[in-house]
$ cat target-v6.pdb   # PDB, C-alpha atoms and all ligand atoms
MODEL        1
ATOM      1  CA  MET A   1     -14.117  47.122  82.106  1.00  0.00           C
ATOM      2  CA  MET A   2     -12.328  46.032  85.280  1.00  0.00           C
ATOM      3  CA  LYS A   3     -11.103  48.791  87.595  1.00  0.00           C
ATOM      4  CA  LEU A   4      -7.785  48.289  89.359  1.00  0.00           C
ATOM      5  CA  TYR A   5      -7.218  50.431  92.443  1.00  0.00           C
ATOM      6  CA  TRP A   6      -3.492  50.864  92.813  1.00  0.00           C
ATOM      7  CA  SER A   7      -0.752  52.996  94.265  1.00  0.00           C
ATOM      8  CA  PRO A   8       2.834  53.496  93.125  1.00  0.00           C
ATOM      9  CA  ARG A   9       5.547  51.717  95.138  1.00  0.00           C
ATOM     10  CA  SER A  10       3.195  49.182  96.691  1.00  0.00           C
ATOM     11  CA  ARG A  11       1.999  45.615  96.481  1.00  0.00           C
ATOM     12  CA  SER A  12      -0.273  46.751  93.624  1.00  0.00           C
ATOM     13  CA  PHE A  13       2.672  45.940  91.372  1.00  0.00           C
ATOM     14  CA  SER A  14       1.552  42.308  91.018  1.00  0.00           C
ATOM     15  CA  SER A  15      -1.966  43.326  89.930  1.00  0.00           C
ATOM     16  CA  LEU A  16      -0.596  45.823  87.419  1.00  0.00           C
ATOM     17  CA  TRP A  17       1.672  43.129  86.002  1.00  0.00           C
ATOM     18  CA  LEU A  18      -1.234  40.678  85.921  1.00  0.00           C
ATOM     19  CA  MET A  19      -3.562  43.051  84.074  1.00  0.00           C
ATOM     20  CA  GLU A  20      -0.817  43.905  81.606  1.00  0.00           C
ATOM     21  CA  GLU A  21      -0.255  40.170  80.961  1.00  0.00           C
ATOM     22  CA  THR A  22      -3.939  39.666  80.076  1.00  0.00           C
ATOM     23  CA  GLY A  23      -3.745  42.109  77.178  1.00  0.00           C
ATOM     24  CA  GLN A  24      -7.267  43.223  78.117  1.00  0.00           C
ATOM     25  CA  PRO A  25      -8.254  46.848  78.627  1.00  0.00           C
ATOM     26  CA  TYR A  26      -8.658  47.906  82.260  1.00  0.00           C
ATOM     27  CA  GLU A  27      -9.038  51.135  84.142  1.00  0.00           C
ATOM     28  CA  ARG A  28      -6.329  52.117  86.616  1.00  0.00           C
ATOM     29  CA  VAL A  29      -7.740  54.062  89.541  1.00  0.00           C
ATOM     30  CA  LEU A  30      -4.868  55.818  91.281  1.00  0.00           C
ATOM     31  CA  THR A  31      -5.346  55.392  95.028  1.00  0.00           C
ATOM     32  CA  ASP A  32      -2.213  57.003  96.369  1.00  0.00           C
ATOM     33  CA  ILE A  33      -1.512  55.530  99.804  1.00  0.00           C
ATOM     34  CA  SER A  34       0.847  58.410 100.623  1.00  0.00           C
ATOM     35  CA  THR A  35      -2.169  60.757 100.598  1.00  0.00           C
ATOM     36  CA  GLY A  36      -4.517  58.465 102.548  1.00  0.00           C
ATOM     37  CA  ALA A  37      -6.731  57.793  99.497  1.00  0.00           C
ATOM     38  CA  GLN A  38      -7.069  54.173 100.635  1.00  0.00           C
ATOM     39  CA  LYS A  39      -8.978  55.187 103.757  1.00  0.00           C
ATOM     40  CA  THR A  40     -11.785  57.207 102.117  1.00  0.00           C
ATOM     41  CA  LEU A  41     -15.333  55.922 102.703  1.00  0.00           C
ATOM     42  CA  GLU A  42     -15.698  55.417  98.965  1.00  0.00           C
ATOM     43  CA  PHE A  43     -12.629  53.184  98.737  1.00  0.00           C
ATOM     44  CA  LEU A  44     -13.540  51.258 101.893  1.00  0.00           C
ATOM     45  CA  THR A  45     -16.671  50.013 100.081  1.00  0.00           C
ATOM     46  CA  VAL A  46     -14.294  48.352  97.596  1.00  0.00           C
ATOM     47  CA  ASN A  47     -11.799  47.043 100.172  1.00  0.00           C
ATOM     48  CA  PRO A  48     -12.827  47.388 103.814  1.00  0.00           C
ATOM     49  CA  MET A  49      -9.184  46.701 104.760  1.00  0.00           C
ATOM     50  CA  GLY A  50      -8.270  50.068 103.253  1.00  0.00           C
ATOM     51  CA  LYS A  51      -5.409  48.588 101.273  1.00  0.00           C
ATOM     52  CA  VAL A  52      -4.319  48.303  97.667  1.00  0.00           C
ATOM     53  CA  PRO A  53      -4.464  46.453  95.359  1.00  0.00           C
ATOM     54  CA  ALA A  54      -8.229  46.071  94.960  1.00  0.00           C
ATOM     55  CA  LEU A  55     -10.296  45.195  91.932  1.00  0.00           C
ATOM     56  CA  GLN A  56     -13.814  45.988  90.810  1.00  0.00           C
ATOM     57  CA  ASP A  57     -15.465  43.960  88.084  1.00  0.00           C
ATOM     58  CA  GLY A  58     -19.071  45.083  87.657  1.00  0.00           C
ATOM     59  CA  GLU A  59     -20.834  44.150  90.882  1.00  0.00           C
ATOM     60  CA  ALA A  60     -17.876  42.103  92.115  1.00  0.00           C
ATOM     61  CA  THR A  61     -15.139  43.598  94.280  1.00  0.00           C
ATOM     62  CA  LEU A  62     -12.134  41.884  95.759  1.00  0.00           C
ATOM     63  CA  ALA A  63      -8.711  42.498  97.215  1.00  0.00           C
ATOM     64  CA  GLU A  64      -5.648  40.447  98.272  1.00  0.00           C
ATOM     65  CA  ALA A  65      -3.060  40.227  95.529  1.00  0.00           C
ATOM     66  CA  SER A  66      -3.154  36.438  95.127  1.00  0.00           C
ATOM     67  CA  ALA A  67      -6.967  36.346  95.058  1.00  0.00           C
ATOM     68  CA  ILE A  68      -6.866  38.991  92.318  1.00  0.00           C
ATOM     69  CA  CYS A  69      -4.409  36.755  90.409  1.00  0.00           C
ATOM     70  CA  ALA A  70      -6.764  33.774  90.661  1.00  0.00           C
ATOM     71  CA  TYR A  71      -9.855  35.813  89.753  1.00  0.00           C
ATOM     72  CA  VAL A  72      -8.418  37.569  86.708  1.00  0.00           C
ATOM     73  CA  ALA A  73      -6.780  34.379  85.400  1.00  0.00           C
ATOM     74  CA  GLU A  74     -10.202  32.704  85.478  1.00  0.00           C
ATOM     75  CA  ARG A  75     -12.039  35.645  83.934  1.00  0.00           C
ATOM     76  CA  TYR A  76      -9.658  35.736  80.966  1.00  0.00           C
ATOM     77  CA  PRO A  77      -8.886  32.078  80.191  1.00  0.00           C
ATOM     78  CA  GLU A  78      -7.582  33.042  76.756  1.00  0.00           C
ATOM     79  CA  ALA A  79      -4.618  34.730  78.480  1.00  0.00           C
ATOM     80  CA  LYS A  80      -3.577  31.238  79.685  1.00  0.00           C
ATOM     81  CA  LEU A  81      -2.498  32.453  83.109  1.00  0.00           C
ATOM     82  CA  ALA A  82      -3.957  29.415  84.909  1.00  0.00           C
ATOM     83  CA  PRO A  83      -4.026  25.738  84.036  1.00  0.00           C
ATOM     84  CA  PRO A  84      -7.663  24.752  83.395  1.00  0.00           C
ATOM     85  CA  LEU A  85      -9.697  22.638  85.851  1.00  0.00           C
ATOM     86  CA  GLY A  86      -8.607  19.020  85.613  1.00  0.00           C
ATOM     87  CA  ASP A  87      -5.102  19.873  84.335  1.00  0.00           C
ATOM     88  CA  SER A  88      -2.415  18.204  86.469  1.00  0.00           C
ATOM     89  CA  HIS A  89      -0.436  21.479  86.695  1.00  0.00           C
ATOM     90  CA  ARG A  90      -3.292  22.944  88.698  1.00  0.00           C
ATOM     91  CA  ALA A  91      -1.999  21.465  91.952  1.00  0.00           C
ATOM     92  CA  LYS A  92       1.301  23.308  91.699  1.00  0.00           C
ATOM     93  CA  TYR A  93      -0.452  26.424  90.441  1.00  0.00           C
ATOM     94  CA  LEU A  94      -2.643  26.600  93.543  1.00  0.00           C
ATOM     95  CA  TYR A  95       0.248  25.670  95.817  1.00  0.00           C
ATOM     96  CA  TRP A  96       2.400  28.602  94.650  1.00  0.00           C
ATOM     97  CA  LEU A  97      -0.500  31.016  94.517  1.00  0.00           C
ATOM     98  CA  PHE A  98      -1.123  30.356  98.216  1.00  0.00           C
ATOM     99  CA  PHE A  99       2.581  30.063  99.086  1.00  0.00           C
ATOM    100  CA  ALA A 100       3.017  33.766  98.218  1.00  0.00           C
ATOM    101  CA  PRO A 101       0.762  35.216 100.948  1.00  0.00           C
ATOM    102  CA  GLY A 102       0.981  32.151 103.223  1.00  0.00           C
ATOM    103  CA  CYS A 103       4.763  31.747 103.375  1.00  0.00           C
ATOM    104  CA  ILE A 104       6.697  34.438 101.476  1.00  0.00           C
ATOM    105  CA  GLU A 105       4.844  37.375 103.051  1.00  0.00           C
ATOM    106  CA  PRO A 106       5.202  36.250 106.673  1.00  0.00           C
ATOM    107  CA  ALA A 107       8.815  35.193 106.041  1.00  0.00           C
ATOM    108  CA  MET A 108       9.542  38.744 104.880  1.00  0.00           C
ATOM    109  CA  VAL A 109       7.839  40.172 107.961  1.00  0.00           C
ATOM    110  CA  GLN A 110       9.891  37.837 110.136  1.00  0.00           C
ATOM    111  CA  ILE A 111      13.119  38.969 108.466  1.00  0.00           C
ATOM    112  CA  ALA A 112      12.159  42.655 108.786  1.00  0.00           C
ATOM    113  CA  THR A 113      11.102  42.408 112.437  1.00  0.00           C
ATOM    114  CA  LYS A 114      13.470  39.619 113.567  1.00  0.00           C
ATOM    115  CA  ILE A 115      10.572  38.077 115.474  1.00  0.00           C
ATOM    116  CA  GLU A 116      11.507  34.612 116.812  1.00  0.00           C
ATOM    117  CA  MET A 117       8.791  31.990 116.414  1.00  0.00           C
ATOM    118  CA  ASN A 118       8.686  28.278 117.024  1.00  0.00           C
ATOM    119  CA  PRO A 119       8.855  27.013 113.401  1.00  0.00           C
ATOM    120  CA  VAL A 120       6.538  24.131 114.261  1.00  0.00           C
ATOM    121  CA  ALA A 121       3.804  26.551 115.292  1.00  0.00           C
ATOM    122  CA  ALA A 122       4.499  29.201 112.629  1.00  0.00           C
ATOM    123  CA  GLY A 123       2.511  28.398 109.488  1.00  0.00           C
ATOM    124  CA  TRP A 124       5.456  29.342 107.267  1.00  0.00           C
ATOM    125  CA  GLY A 125       7.979  27.355 109.311  1.00  0.00           C
ATOM    126  CA  ASP A 126      10.996  29.628 109.143  1.00  0.00           C
ATOM    127  CA  ALA A 127      12.165  32.181 106.618  1.00  0.00           C
ATOM    128  CA  GLN A 128      15.291  30.233 105.624  1.00  0.00           C
ATOM    129  CA  ARG A 129      13.272  27.190 104.692  1.00  0.00           C
ATOM    130  CA  VAL A 130      10.690  29.245 102.741  1.00  0.00           C
ATOM    131  CA  PHE A 131      13.430  30.569 100.469  1.00  0.00           C
ATOM    132  CA  ASP A 132      15.185  27.174 100.263  1.00  0.00           C
ATOM    133  CA  VAL A 133      11.955  25.528  99.088  1.00  0.00           C
ATOM    134  CA  LEU A 134      11.375  28.257  96.525  1.00  0.00           C
ATOM    135  CA  GLU A 135      14.966  28.001  95.292  1.00  0.00           C
ATOM    136  CA  ALA A 136      14.604  24.246  94.754  1.00  0.00           C
ATOM    137  CA  ALA A 137      11.396  24.804  92.774  1.00  0.00           C
ATOM    138  CA  LEU A 138      13.112  27.334  90.527  1.00  0.00           C
ATOM    139  CA  GLU A 139      16.116  25.167  89.675  1.00  0.00           C
ATOM    140  CA  GLU A 140      14.457  23.714  86.574  1.00  0.00           C
ATOM    141  CA  GLY A 141      12.310  26.544  85.271  1.00  0.00           C
ATOM    142  CA  PRO A 142      11.819  28.511  83.282  1.00  0.00           C
ATOM    143  CA  TRP A 143       8.637  29.046  85.323  1.00  0.00           C
ATOM    144  CA  LEU A 144       7.151  27.552  88.473  1.00  0.00           C
ATOM    145  CA  LEU A 145       4.980  25.206  86.417  1.00  0.00           C
ATOM    146  CA  GLY A 146       7.773  24.400  83.959  1.00  0.00           C
ATOM    147  CA  GLU A 147       7.221  25.691  80.442  1.00  0.00           C
ATOM    148  CA  GLN A 148       3.939  27.438  81.242  1.00  0.00           C
ATOM    149  CA  PHE A 149       4.070  30.956  82.717  1.00  0.00           C
ATOM    150  CA  SER A 150       1.120  31.502  85.062  1.00  0.00           C
ATOM    151  CA  ALA A 151      -0.454  33.919  87.523  1.00  0.00           C
ATOM    152  CA  ALA A 152       1.380  31.979  90.256  1.00  0.00           C
ATOM    153  CA  ASP A 153       4.643  33.341  88.818  1.00  0.00           C
ATOM    154  CA  ILE A 154       3.196  36.844  89.120  1.00  0.00           C
ATOM    155  CA  ALA A 155       2.290  36.300  92.788  1.00  0.00           C
ATOM    156  CA  ILE A 156       5.605  34.673  93.721  1.00  0.00           C
ATOM    157  CA  ALA A 157       7.975  36.764  91.617  1.00  0.00           C
ATOM    158  CA  SER A 158       6.426  40.028  92.800  1.00  0.00           C
ATOM    159  CA  GLY A 159       7.144  39.055  96.427  1.00  0.00           C
ATOM    160  CA  LEU A 160      10.600  37.738  95.561  1.00  0.00           C
ATOM    161  CA  ASN A 161      11.432  40.905  93.645  1.00  0.00           C
ATOM    162  CA  PHE A 162      10.514  43.001  96.699  1.00  0.00           C
ATOM    163  CA  ALA A 163      12.502  40.754  99.029  1.00  0.00           C
ATOM    164  CA  VAL A 164      15.613  40.313  96.910  1.00  0.00           C
ATOM    165  CA  ARG A 165      15.921  43.290  94.596  1.00  0.00           C
ATOM    166  CA  LEU A 166      13.922  46.220  95.965  1.00  0.00           C
ATOM    167  CA  PHE A 167      14.419  45.860  99.714  1.00  0.00           C
ATOM    168  CA  LYS A 168      17.433  43.506  99.647  1.00  0.00           C
ATOM    169  CA  MET A 169      16.032  41.709 102.684  1.00  0.00           C
ATOM    170  CA  VAL A 170      16.952  38.316 101.295  1.00  0.00           C
ATOM    171  CA  PRO A 171      20.358  37.590  99.760  1.00  0.00           C
ATOM    172  CA  SER A 172      20.001  36.644  96.132  1.00  0.00           C
ATOM    173  CA  ARG A 173      20.815  33.197  94.833  1.00  0.00           C
ATOM    174  CA  PRO A 174      21.600  32.199  91.224  1.00  0.00           C
ATOM    175  CA  ALA A 175      18.177  30.565  90.745  1.00  0.00           C
ATOM    176  CA  PHE A 176      16.430  33.712  92.038  1.00  0.00           C
ATOM    177  CA  ASP A 177      18.486  35.924  89.746  1.00  0.00           C
ATOM    178  CA  ARG A 178      17.796  33.832  86.677  1.00  0.00           C
ATOM    179  CA  TYR A 179      14.074  33.735  87.477  1.00  0.00           C
ATOM    180  CA  LEU A 180      13.747  37.454  88.244  1.00  0.00           C
ATOM    181  CA  ASP A 181      15.717  38.328  85.099  1.00  0.00           C
ATOM    182  CA  ARG A 182      13.273  36.226  83.054  1.00  0.00           C
ATOM    183  CA  CYS A 183      10.332  37.990  84.699  1.00  0.00           C
ATOM    184  CA  GLN A 184      11.840  41.428  84.173  1.00  0.00           C
ATOM    185  CA  ALA A 185      12.350  40.649  80.495  1.00  0.00           C
ATOM    186  CA  ARG A 186       8.582  40.303  80.022  1.00  0.00           C
ATOM    187  CA  PRO A 187       7.083  43.402  78.365  1.00  0.00           C
ATOM    188  CA  ALA A 188       4.074  43.272  80.747  1.00  0.00           C
ATOM    189  CA  PHE A 189       6.426  43.373  83.766  1.00  0.00           C
ATOM    190  CA  GLN A 190       8.201  46.387  82.288  1.00  0.00           C
ATOM    191  CA  ARG A 191       4.941  48.235  81.617  1.00  0.00           C
ATOM    192  CA  ALA A 192       3.777  47.519  85.176  1.00  0.00           C
ATOM    193  CA  GLN A 193       7.071  48.815  86.525  1.00  0.00           C
ATOM    194  CA  GLU A 194       6.541  52.146  84.766  1.00  0.00           C
ATOM    195  CA  PHE A 195       3.299  52.573  86.694  1.00  0.00           C
ATOM    196  CA  ALA A 196       4.610  51.157  89.957  1.00  0.00           C
ATOM    197  CA  SER A 197       7.647  53.446  89.941  1.00  0.00           C
ATOM    198  CA  GLY A 198       5.401  56.498  89.592  1.00  0.00           C
ATOM    199  CA  GLU A 199       6.768  57.234  86.099  1.00  0.00           C
ATOM    200  CA  LYS A 200       3.310  56.812  84.531  1.00  0.00           C
ATOM    201  CA  THR A 201      -0.283  56.647  85.730  1.00  0.00           C
TER     202      THR A 201
HETATM  203  N1  LIG A 301      -2.581  41.325 102.044  1.00  0.00           N
HETATM  204  C1  LIG A 301      -2.638  42.395 101.103  1.00  0.00           C
HETATM  205  C2  LIG A 301      -1.650  43.451 101.492  1.00  0.00           C
HETATM  206  C3  LIG A 301      -1.941  44.775 100.845  1.00  0.00           C
HETATM  207  C4  LIG A 301      -1.114  45.887 101.480  1.00  0.00           C
HETATM  208  O1  LIG A 301      -0.606  45.743 102.596  1.00  0.00           O
HETATM  209  N2  LIG A 301      -1.042  47.011 100.801  1.00  0.00           N
HETATM  210  C5  LIG A 301      -0.339  48.163 101.356  1.00  0.00           C
HETATM  211  C6  LIG A 301       0.621  48.721 100.305  1.00  0.00           C
HETATM  212  S1  LIG A 301       1.953  47.637  99.963  1.00  0.00           S
HETATM  213  C7  LIG A 301      -1.332  49.276 101.648  1.00  0.00           C
HETATM  214  O2  LIG A 301      -2.311  49.440 100.939  1.00  0.00           O
HETATM  215  N3  LIG A 301      -1.046  50.055 102.691  1.00  0.00           N
HETATM  216  C8  LIG A 301      -1.822  51.234 103.002  1.00  0.00           C
HETATM  217  C9  LIG A 301      -2.454  51.191 104.338  1.00  0.00           C
HETATM  218  O3  LIG A 301      -2.470  50.133 104.977  1.00  0.00           O
HETATM  219  O4  LIG A 301      -2.960  52.222 104.760  1.00  0.00           O
HETATM  220  C10 LIG A 301      -2.378  41.878  99.674  1.00  0.00           C
HETATM  221  O5  LIG A 301      -1.669  40.885  99.544  1.00  0.00           O
HETATM  222  O6  LIG A 301      -2.893  42.428  98.706  1.00  0.00           O
ENDMDL
END

$ encode --input "target-v6.pdb" --output "structure tokens"
Amino acid sequence: MMKLYWSPRSRSFSSLWLMEETGQPYERVLTDISTGAQKTLEFLTVNPMGKVPALQDGEATLAEASAICAYVAERYPEAKLAPPLGDSHRAKYLYWLFFAPGCIEPAMVQIATKIEMNPVAAGWGDAQRVFDVLEAALEEGPWLLGEQFSAADIAIASGLNFAVRLFKMVPSRPAFDRYLDRCQARPAFQRAQEFASGEKT
């Protein structure tokens, strides 16, 4: 059974949501970052970065929320969280999976720190454009790939939920609200939120 190392109130939310969407059994290993559990020698063998989320699957270990999305979606194809190889939706799937850590994350850091960067040199351009591009992609919906919900929605919506609803760093927009409401209506999202909020382990 896969082991998910997680902490409440952290980026582990996306991995909890992902595992809940698969419908497969998994073991949650509470690694409370408020107690320093992520810096123990034992945990550093799983993720040398000393950060959650991290995943162990037999001999395989990995971290980075989007990589975990890609890995789990491939391991459980029956959950239909990724378009199969050769499917034309795969281009968009990969694009959004990488857009989450490549553009949304640094845009949020830029907003939080107010660091000025030349948008030509910054890989994410500028924060305004990141959220404009995402808004345009969400106009149609219901999901990033159209009718098919995927692990890319988990990666993107988790970041957007932090930015818009939890930390209110980014002003909401109607397309964001509609999208986040759809995500929050998913039973797997709600179960993940019970863990992430600290209500359940
Ligand atoms: N790039 C990582 C970021 C993971 C991350 O920063 N996790 C934070 C919690 S939100 C953490 O574990 N912080 C504890 C620490 O750095 O000691 C990912 O996308 O998974």

$ residues_near_ligand --input "target-v6.pdb" --ligand "ligand LIG 301 (chain A)" --cutoff "7 Å" --atoms "all atoms listed in the file" --output "list in words"
Ser10, Arg11, Ser12, Ile33, Gly36, Gln38, Lys39, Gly50, Lys51, Val52, Pro53, Ala63, Glu64, Ala65, Ser66 and Pro101 of chain A

$ resolve_selection --input "target-v6.pdb" --expression "the PyMOL selection byres (((chain A and resi 60) around 12) and not hetatm)" --output "PyMOL selection string"
chain A and resi 1-3+45-47+54-59+61-63+68+71-72+75

$ closest_residue --input "target-v6.pdb" --among "A:Phe176, A:Thr22, A:Val29, A:Arg182" --to "Lys80 in chain A" --atoms "all atoms listed in the file"
A:Thr22

$ resolve_selection --input "target-v6.pdb" --expression "the PyMOL selection byres (((chain A and resi 190) around 12) and not hetatm)" --output "ChimeraX atom specification"
/A:13-14,16-18,20-21,181-189,191-197,199-200

$ write_last_selection --input "target-v6.pdb" --atoms "C-alpha atoms" --output "PDB file, in the coordinates of the input"
ATOM      1  CA  PHE A  13       2.672  45.940  91.372  1.00  0.00           C
ATOM      2  CA  SER A  14       1.552  42.308  91.018  1.00  0.00           C
ATOM      3  CA  LEU A  16      -0.596  45.823  87.419  1.00  0.00           C
ATOM      4  CA  TRP A  17       1.672  43.129  86.002  1.00  0.00           C
ATOM      5  CA  LEU A  18      -1.234  40.678  85.921  1.00  0.00           C
ATOM      6  CA  GLU A  20      -0.817  43.905  81.606  1.00  0.00           C
ATOM      7  CA  GLU A  21      -0.255  40.170  80.961  1.00  0.00           C
ATOM      8  CA  ASP A 181      15.717  38.328  85.099  1.00  0.00           C
ATOM      9  CA  ARG A 182      13.273  36.226  83.054  1.00  0.00           C
ATOM     10  CA  CYS A 183      10.332  37.990  84.699  1.00  0.00           C
ATOM     11  CA  GLN A 184      11.840  41.428  84.173  1.00  0.00           C
ATOM     12  CA  ALA A 185      12.350  40.649  80.495  1.00  0.00           C
ATOM     13  CA  ARG A 186       8.582  40.303  80.022  1.00  0.00           C
ATOM     14  CA  PRO A 187       7.083  43.402  78.365  1.00  0.00           C
ATOM     15  CA  ALA A 188       4.074  43.272  80.747  1.00  0.00           C
ATOM     16  CA  PHE A 189       6.426  43.373  83.766  1.00  0.00           C
ATOM     17  CA  ARG A 191       4.941  48.235  81.617  1.00  0.00           C
ATOM     18  CA  ALA A 192       3.777  47.519  85.176  1.00  0.00           C
ATOM     19  CA  GLN A 193       7.071  48.815  86.525  1.00  0.00           C
ATOM     20  CA  GLU A 194       6.541  52.146  84.766  1.00  0.00           C
ATOM     21  CA  PHE A 195       3.299  52.573  86.694  1.00  0.00           C
ATOM     22  CA  ALA A 196       4.610  51.157  89.957  1.00  0.00           C
ATOM     23  CA  SER A 197       7.647  53.446  89.941  1.00  0.00           C
ATOM     24  CA  GLU A 199       6.768  57.234  86.099  1.00  0.00           C
ATOM     25  CA  LYS A 200       3.310  56.812  84.531  1.00  0.00           C
TER      26      LYS A 200
END

$ resolve_selection --input "target-v6.pdb" --expression "the PyMOL selection byres (((chain A and resi 106-109) around 7) and not hetatm)" --output "PDB file with C-alpha atoms, in the frame of the given file"
ATOM      1  CA  GLY A 102       0.981  32.151 103.223  1.00  0.00           C
ATOM      2  CA  CYS A 103       4.763  31.747 103.375  1.00  0.00           C
ATOM      3  CA  ILE A 104       6.697  34.438 101.476  1.00  0.00           C
ATOM      4  CA  GLU A 105       4.844  37.375 103.051  1.00  0.00           C
ATOM      5  CA  GLN A 110       9.891  37.837 110.136  1.00  0.00           C
ATOM      6  CA  ILE A 111      13.119  38.969 108.466  1.00  0.00           C
ATOM      7  CA  ALA A 112      12.159  42.655 108.786  1.00  0.00           C
ATOM      8  CA  THR A 113      11.102  42.408 112.437  1.00  0.00           C
ATOM      9  CA  TRP A 124       5.456  29.342 107.267  1.00  0.00           C
ATOM     10  CA  ASP A 126      10.996  29.628 109.143  1.00  0.00           C
ATOM     11  CA  ALA A 127      12.165  32.181 106.618  1.00  0.00           C
ATOM     12  CA  ALA A 163      12.502  40.754  99.029  1.00  0.00           C
TER      13      ALA A 163
END

$ atom_distance --input "target-v6.pdb" --atom1 "CA of Arg90 in chain A" --atom2 "CA of Leu134 in chain A"
17.5 Å

$ atom_distance --input "target-v6.pdb" --atom1 "CA of Trp6 in chain A" --atom2 "CA of Trp143 in chain A"
26.1 Å

$ atom_distance --input "target-v6.pdb" --atom1 "CA of Leu81 in chain A" --atom2 "CA of Gly125 in chain A"
28.7 Å

$ closest_residue --input "target-v6.pdb" --among "A:Leu180, A:Ala151, A:Val170, A:Leu145" --to "Glu74 in chain A" --atoms "all atoms listed in the file"
A:Ala151

$ residues_around --input "target-v6.pdb" --residues "Glu139 in chain A" --least-positions-apart "3" --cutoff "10 Å" --atoms "all atoms listed in the file" --output "PyMOL selection string"
chain A and resi 134-136+142-144+174-176+178-179

$ axis_aligned_box --input "target-v6.pdb" --around "range 33-46 of chain A" --padding-each-side "4 Å" --output "lines of an AutoDock Vina configuration file"
center_x = -7.9
center_y = 54.6
center_z = 100.7
size_x = 25.5
size_y = 20.4
size_z = 14.2

$ closest_residue --input "target-v6.pdb" --among "A:Leu94, A:Ala157, A:Ala100, A:Val164" --to "Ala70 in chain A" --atoms "only C-alpha atoms"
A:Leu94

$ closest_residue --input "target-v6.pdb" --among "A:Gln148, A:Gly23, A:Pro48, A:Ile156" --to "Glu78 in chain A" --atoms "all atoms listed in the file"
A:Gly23

$ closest_residue --input "target-v6.pdb" --among "A:Trp96, A:Glu147, A:Glu27, A:Ser34" --to "Pro8 in chain A" --atoms "only C-alpha atoms"
A:Ser34

$ closest_residue --input "target-v6.pdb" --among "A:Tyr5, A:Tyr93, A:Phe99, A:Phe162" --to "Leu44 in chain A" --atoms "only C-alpha atoms"
A:Tyr5
